[in-house]
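S.K.: First, the structure itself, so that you have it in front of you.
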Amino acid sequence: MSDYLEHLSEVQREAARHYEGAAMIIAGAGSGKTRVLTYRIAHMLEQGVRSYNILALTFTNKAAREMKERIENIVSPERARSLWMGTFHSVFARILRSEADKLGYPSSFTIYDTADSKNVVRALVKEMNLSDETYKVGDIYSRISLAKNNLVTAAAYEANTMLVAEDRERRRPQFAELYKRYVQRCKENGAMDFDDLLLNMNILFRDFPDVLRKYQEQFRYIMVDEYQDTNMAQYLIVKRLAERYQNICVVGDDAQSIYSFRGAKIENILRFQKDYPDARLFKLEQNYRSTQTIVNAANSIIDRNKRQIRKKSFSANAVGDKIRVFKSYTDQEEALIVTSDIYSLLREKHVQYSDIAILYRTNAQSRSLEESFRRRNIPYRIYGGQSFYQRKEIKDLLAYIRLVVNHKDDEALRRVINYPARGIGDVTVGRIAEAARQRGISLWEAIATLTPEEMELRGAAVAKIRDFTAMIQELTSAVYRTEAYEMGLRIATRSGIIGSFKMQQTPEAVSVLENIDELLNSIASFAESRREEDPENTAVTLDDWLQNVSLLTDMDNEKEGDRNRVTLMTVHSAKGLEFEYVYIVGLEETLFPSQMCSETLEGLEEERRLFYVALTRAKQGAALTFSETRFRWGSVTASRPSRFLKEIDPQYLDLQYKDELAELQERIDAEGEEPAPARRFRPYGQREGEAERGRTFGRREQGGQSRFAGGRPERPEMPGKPAMRPAAPRPTVTPGMKSIGRRTAAVESAAPAPEPVPVPAGSGTGGLRVGCTVEHAKFGRGKVSALEDTMNGAKATVLFDTEGAKTLLLKYARLKVIG
DNA sequence: CGGACGAGGATTTTT
DNA sequence: TCCTCGTCCG
């Protein structure tokens with residue numbers, strides 16, 4: 001236990017042992033940052049620091065969980081138990097719940113995800129009779145988010161003549177009003193959106209000095225990981241918390257800052273030493289992860305960025321293989337090349353599926369890869385944002401749970417009042433909404449307390465509303481005395497959701513039921529892990545679970561069966577991870593770098609950092625691919641190789657299409673550094689303006705926080721809710737996996753014995769022949785009666801047993817060959 | 001009121 | 001292509 005520091009290099013050890021006072025650790029990719037943080041905390045605990053005095057903020061829940069596990073292994077689980085470790089959002093949600101009354105929220109407030117927030121905006125735009133052309137939901141939402149992240153409240157916004165003038169210029173004069181109503185509506189609904197979690201922390205600390213003081217005392221030691229990706233709101237929270245003891249350690253790498261679109265300010269890390277003049281600076285420059293080739297290649301790219309803290313990242317590992325570059329003609333061929341290359345890896349090096357990752361710029365790119373993997377029996381796992389929770393059935397069930405726990409949640413109520421269909425239509429809901437609006441009460445209060453006459457309801461609607469109200473009431477009364485899983489199941493059953501799908505015998509319905517089952521299972525395992533952590537806490541209720549759920553992502557659930565699979569994810573989600581072999585696909589102009597970002601220098605530099613992040617995920621080897629055409633926006637578009645391919649020092653590259661090397665170089669050269677952007681694809685929202693405005697907020701705010709207004713003290717303090725750990729295990733989901741057919745394929749494909757894949761010329765038909773029996777997720781079984789190869793890919797005419805003859809494009813139809 | 005059907009949009013990245 | 005939204009009819 002005392003030799004744990006010996007696992008560190010000298011710099012690492014120094015950084016780990018320095019825990020009194022401020023410190024900044026600049027940690028290059030693969031420099032053992034997590035290790036340092038882990039040992040640092042372990043060391044503090046060994047030195048007698050109490051675990052509950054330590055706050056460690058990470059970027060993902062997974063990172064927090066893993067770090068905590070490692071710490072527990074070094075010291076002991078008991079000693080590490082009360083560490084405050086988690087994402088900004090989850091830690092602050094926990095604090096806000098216990099202080100909610102001060103800000104006028106219920107402590108069981110709902111956390112709105114992006115989709116919920118957009119629904120609110122959509123409803124408001126409608127209510128205010130604004131054109132949804134000029135007031136595009138996405139634009140409005142991101143502007144609100146931008147304002148919040150820069151601590152500009154609705155009141156401050158309205159009072160800011162400059163911002164208001166800007167909106168007028170942009171023909172969106174109602175924006176300030178919209179913002180105001182949005183905030184109001186969320187509060188009425190007892191809900192906070194993601195940005196509120198940060199903004200409200202600031203308001204809390206600003207308006208309640210005693211509360212701030214309390215947390216300053218509690219968090220005497222603060223650590224922030226991925227500091228380069230913190231935004232203004234996060235920065236200020238940390239600054240306030242650390243003010244008293246100044247025991248703050250931030251870790252980051254400016255070269256890996258990739259979240260400016262979300263308001264992250266790279267300045268925060270650049271400014272740290274000004275904020276804490278006594279701060280010690282540690283630079284971890286040795287990369288222990290990757291081969292020299294990979295590190296050097298990555299450096300050769302990032303060196304092109306102007307604004308950065310210079311550091312010399314180096315590797316003392318093997319030189320390693322060159323980075324291979326593949327070219328394909330279509331995105332499907334690209335997928336095939338990757339597939340077949342994976343097979344060679346498996347054959348030639350002793351590589352497991354789980355050692356391999358495919359990284360791409362946009363989620364949409366996963367499609368062709370997925371398809372190819374499924375066809376060739378490569379087990380894979382897609383990590384895609386929030387996908388599981390965006391499934392309709394999941395959102396529906398969640399809405400029920402939300403409503404049961406928090407009656408004020410109008411969004412949830414609207415969603416479920418007629419789901420499953422129970423004869424409460426728009427007209428009825430409209431009348432209720434009107435009655436509620438007139439009285440300034442929530443929809444729930446309306447249906448629960450008003451008479452039918454007051455809501456102008458008559459006939460069948462009255463009884464239906466009464467039944468619905470009674471059902472919710474009955475469920476609510478059970479929540480706090482029923483175990484979480486049990487309660488979840490009861491809601492799913494009682495609401496009629498399960499019943500409505502059980503009636504249908506379609507494969508879709510079965511799949512929906514499976515998803516619901518997975519959600520319920522995740523509740524069960526959440527409850528279980530909570531009980532493990534805290535044996536005295538016998539009653540884990542559904543609202544405990546709910547309060548965490550919107551902060552979870554796909555990353556947060558890993559199932560045993562998921563172990564040995566190829567990982568598919570966006571570059572953004574790959575941050576902080578590492579793999580033996582990495583494929584970065586879709587290296588084309590307008591895709592990577594993204595069209596939206598490559599028009600400004602800042603944008604382009606961020607894309608470059610993104611590429612740097614992607615490349616440095618690889619330990620042993622990396623391969624890059626690009627395609628000449630790609631299926632985008634519903635049709636095939638031509639694309640050109642990414643400028644990043646040219647930016648890598650060619651000595652580290654191994655082009656796999658030798659005869660065309662010259663051509664490539666020529667072509668890139670001819671096109672110059674800045675290919676003209678294809679303007680026609682540009683959407684309404686003016687990105688440049690957006691960026692400018694972002695800066696405006698920043699400048700404003702630094703000078704005067706006085707601008708932000710917020711909740712005033714209302715009631716005395718209430719006892720806090722028991723603390724929550726971000727440990728809810730989640731079901732395993734392959735996003736986009738809709739039909740059972742697809743799921744089965746994914747599971748079965750865990751087959752061993754990889755076989756070589758021929759790289760075909762016209763591979764469209766994938767083993768299909770006339771006369772084959774096939775299975776289709778929707779149409780069931782059928783017999784192939786004709787095959788045809790067209791420009792668009794192969795087509796098959798299938799005579800289905802039940803559905804008759806259909807002609808299907810093979811690249812879309814998921815046909816399973818049976819015999 | 002609710003289901004069927006047709007039109008049109010979708011793709012930046014995430015807590 | 002797939003999905004969502006709006007309209008229309010039973």
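Chain lettering (A, B, ...) mirrors the order of the structure tokens, residue numbering begins at 1 for each chain separately, and ligand numbering begins at 1 in order of display.
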Residues of chain C that have any atom at most 12 Å from an atom of chain A: could you tabulate them with the shortest-distance atom pair and the distance in Å to one decimal, using only C-alpha atoms (C1' of nucleotides), ordered by chain and increasing number, as JSON lines?
M.R.:
```
{"residue": "C:DT1", "atom": "C1'", "partner": "A:Gly634", "partner_atom": "CA", "distance": 6.9}
{"residue": "C:DC2", "atom": "C1'", "partner": "A:Gly634", "partner_atom": "CA", "distance": 9.8}
{"residue": "C:DC3", "atom": "C1'", "partner": "A:Lys392", "partner_atom": "CA", "distance": 11.8}
```
S.K.: What would the file look like if the residues just selected were written as a PDB file, in the first residue's frame with N, CA and C atoms (P, O5', C5', C4', C3', O3' and C1' of nucleotides)?
M.R.:
```pdb
ATOM      1  P    DT C   1     -36.452   2.685 -51.063  1.00  0.00           P
ATOM      2  O5'  DT C   1     -35.698   2.395 -49.691  1.00  0.00           O
ATOM      3  C5'  DT C   1     -34.357   2.852 -49.562  1.00  0.00           C
ATOM      4  C4'  DT C   1     -34.125   3.248 -48.109  1.00  0.00           C
ATOM      5  C3'  DT C   1     -35.362   3.135 -47.217  1.00  0.00           C
ATOM      6  O3'  DT C   1     -34.982   2.392 -46.068  1.00  0.00           O
ATOM      7  C1'  DT C   1     -34.449   5.336 -47.106  1.00  0.00           C
ATOM      8  P    DC C   2     -36.086   1.754 -45.120  1.00  0.00           P
ATOM      9  O5'  DC C   2     -36.158   2.871 -43.989  1.00  0.00           O
ATOM     10  C5'  DC C   2     -35.002   3.137 -43.188  1.00  0.00           C
ATOM     11  C4'  DC C   2     -35.307   4.371 -42.359  1.00  0.00           C
ATOM     12  C3'  DC C   2     -36.610   4.244 -41.565  1.00  0.00           C
ATOM     13  O3'  DC C   2     -36.336   4.629 -40.237  1.00  0.00           O
ATOM     14  C1'  DC C   2     -36.591   6.242 -42.810  1.00  0.00           C
ATOM     15  P    DC C   3     -37.406   4.384 -39.110  1.00  0.00           P
ATOM     16  O5'  DC C   3     -37.830   5.867 -38.746  1.00  0.00           O
ATOM     17  C5'  DC C   3     -36.829   6.830 -38.430  1.00  0.00           C
ATOM     18  C4'  DC C   3     -37.478   8.189 -38.415  1.00  0.00           C
ATOM     19  C3'  DC C   3     -38.792   8.206 -37.624  1.00  0.00           C
ATOM     20  O3'  DC C   3     -38.674   9.170 -36.596  1.00  0.00           O
ATOM     21  C1'  DC C   3     -39.068   9.205 -39.777  1.00  0.00           C
TER      22       DC C   3
END
```
S.K.: May I ask you to extract the residues of chain A within 7 Å of chain B, using only C-alpha atoms (C1' of nucleotides), and to give them as a PyMOL selection string?
M.R.: chain A and resi 89+194+362+364+385+423+425+551+572+633
S.K.: Please run DSSP on the backbone and report, as number ranges by chain, all residues within range 327-486 of chain A that come out as strand (DSSP E).
M.R.: A: 327-328, 356-360, 380-382
S.K.: Out of range 107-207 of chain A, which residues get helix (DSSP H, G or I) from DSSP, as a compact mmCIF listing (two decimals) with C-alpha atoms, in the first residue's frame?
M.R.:
```
# COMPACT_ATOMS: atom_id res chain seq x y z
CA THR A 114 -32.16 18.07 -25.22
CA ALA A 115 -35.25 16.57 -26.77
CA ASP A 116 -37.42 17.63 -23.83
CA SER A 117 -36.03 21.12 -23.97
CA LYS A 118 -36.70 21.37 -27.66
CA ASN A 119 -40.26 20.26 -27.12
CA VAL A 120 -40.76 23.12 -24.73
CA VAL A 121 -39.33 25.56 -27.25
CA ARG A 122 -41.52 24.11 -29.97
CA ALA A 123 -44.62 24.52 -27.88
CA LEU A 124 -43.73 28.10 -27.01
CA VAL A 125 -43.06 29.09 -30.59
CA LYS A 126 -46.48 27.78 -31.40
CA GLU A 127 -48.18 29.47 -28.48
CA VAL A 137 -36.35 25.10 -32.64
CA GLY A 138 -32.75 23.99 -32.82
CA ASP A 139 -31.42 27.49 -33.26
CA ILE A 140 -33.49 28.88 -30.44
CA TYR A 141 -32.49 26.10 -28.13
CA SER A 142 -28.80 26.44 -28.84
CA ARG A 143 -28.93 30.16 -28.35
CA ILE A 144 -30.62 29.73 -25.01
CA SER A 145 -28.02 27.17 -24.12
CA LEU A 146 -25.24 29.49 -25.17
CA ALA A 147 -26.64 32.26 -23.04
CA LYS A 148 -26.96 30.00 -20.01
CA ASN A 149 -23.49 28.62 -20.39
CA ALA A 154 -33.24 35.56 -19.28
CA ALA A 155 -33.58 38.76 -17.28
CA ALA A 156 -30.02 39.75 -18.04
CA TYR A 157 -30.56 38.97 -21.66
CA GLU A 158 -33.64 41.10 -21.89
CA ALA A 159 -31.83 43.96 -20.22
CA THR A 161 -29.63 46.19 -25.34
CA MET A 162 -26.84 44.87 -27.48
CA LEU A 163 -28.08 41.33 -27.53
CA VAL A 164 -31.63 42.43 -28.08
CA ALA A 165 -30.53 44.64 -30.93
CA GLU A 166 -28.71 41.72 -32.46
CA ASP A 167 -31.83 39.65 -32.37
CA ARG A 168 -33.78 42.41 -34.02
CA GLU A 169 -31.22 42.56 -36.76
CA PHE A 175 -36.04 35.75 -28.82
CA ALA A 176 -35.63 37.41 -25.43
CA GLU A 177 -39.30 36.84 -24.72
CA LEU A 178 -38.98 33.26 -25.83
CA TYR A 179 -36.01 32.74 -23.56
CA LYS A 180 -37.92 34.22 -20.65
CA ARG A 181 -40.93 32.03 -21.22
CA TYR A 182 -38.77 28.98 -21.70
CA VAL A 183 -37.17 29.47 -18.31
CA GLN A 184 -40.52 30.15 -16.77
CA ARG A 185 -42.06 27.07 -18.31
CA CYS A 186 -39.27 24.82 -17.16
CA LYS A 187 -39.59 26.14 -13.66
CA GLU A 188 -43.35 25.70 -13.68
CA PHE A 194 -28.65 20.41 -18.67
CA ASP A 195 -27.49 23.99 -18.65
CA ASP A 196 -29.61 24.86 -15.65
CA LEU A 197 -27.63 22.41 -13.57
CA LEU A 198 -24.62 24.65 -14.04
CA LEU A 199 -26.37 27.98 -14.12
CA ASN A 200 -28.36 27.27 -10.99
CA MET A 201 -25.26 26.24 -9.12
CA ASN A 202 -23.88 29.66 -9.85
CA ILE A 203 -27.08 31.33 -8.78
CA LEU A 204 -27.11 29.27 -5.63
CA PHE A 205 -23.56 30.25 -4.76
CA ARG A 206 -24.14 33.86 -5.66
CA ASP A 207 -27.32 34.31 -3.65
```
S.K.: Could you tell me how far CA of Glu602 in chain A sits from CA of Ala23 in chain A, in Å to one decimal place?
M.R.: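 Distance reported for this atom pair: 27.7 Å.
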S.K.: Please compute the CA of Ala618 in chain A-CA of Asn287 in chain A distance, one decimal, in Å.
M.R.: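 Interatomic distance, CA of Ala618 in chain A to CA of Asn287 in chain A: 11.5 Å.
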S.K.: List the spatial neighbours of Arg271 in chain A as a PyMOL selection string - criterion: any atom at most 12 Å away, only C-alpha atoms (C1' of nucleotides), same-chain residues fewer than 4 positions off excluded.
M.R.: chain A and resi 24+227-228+235+239+250+254+265-267+275-277+279+309
S.K.: So how far away is CA of Lys395 in chain A from CA of Asp517 in chain A, in Å?
M.R.: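 For CA of Asp517 in chain A relative to CA of Lys395 in chain A, the distance reads 13.6 Å.
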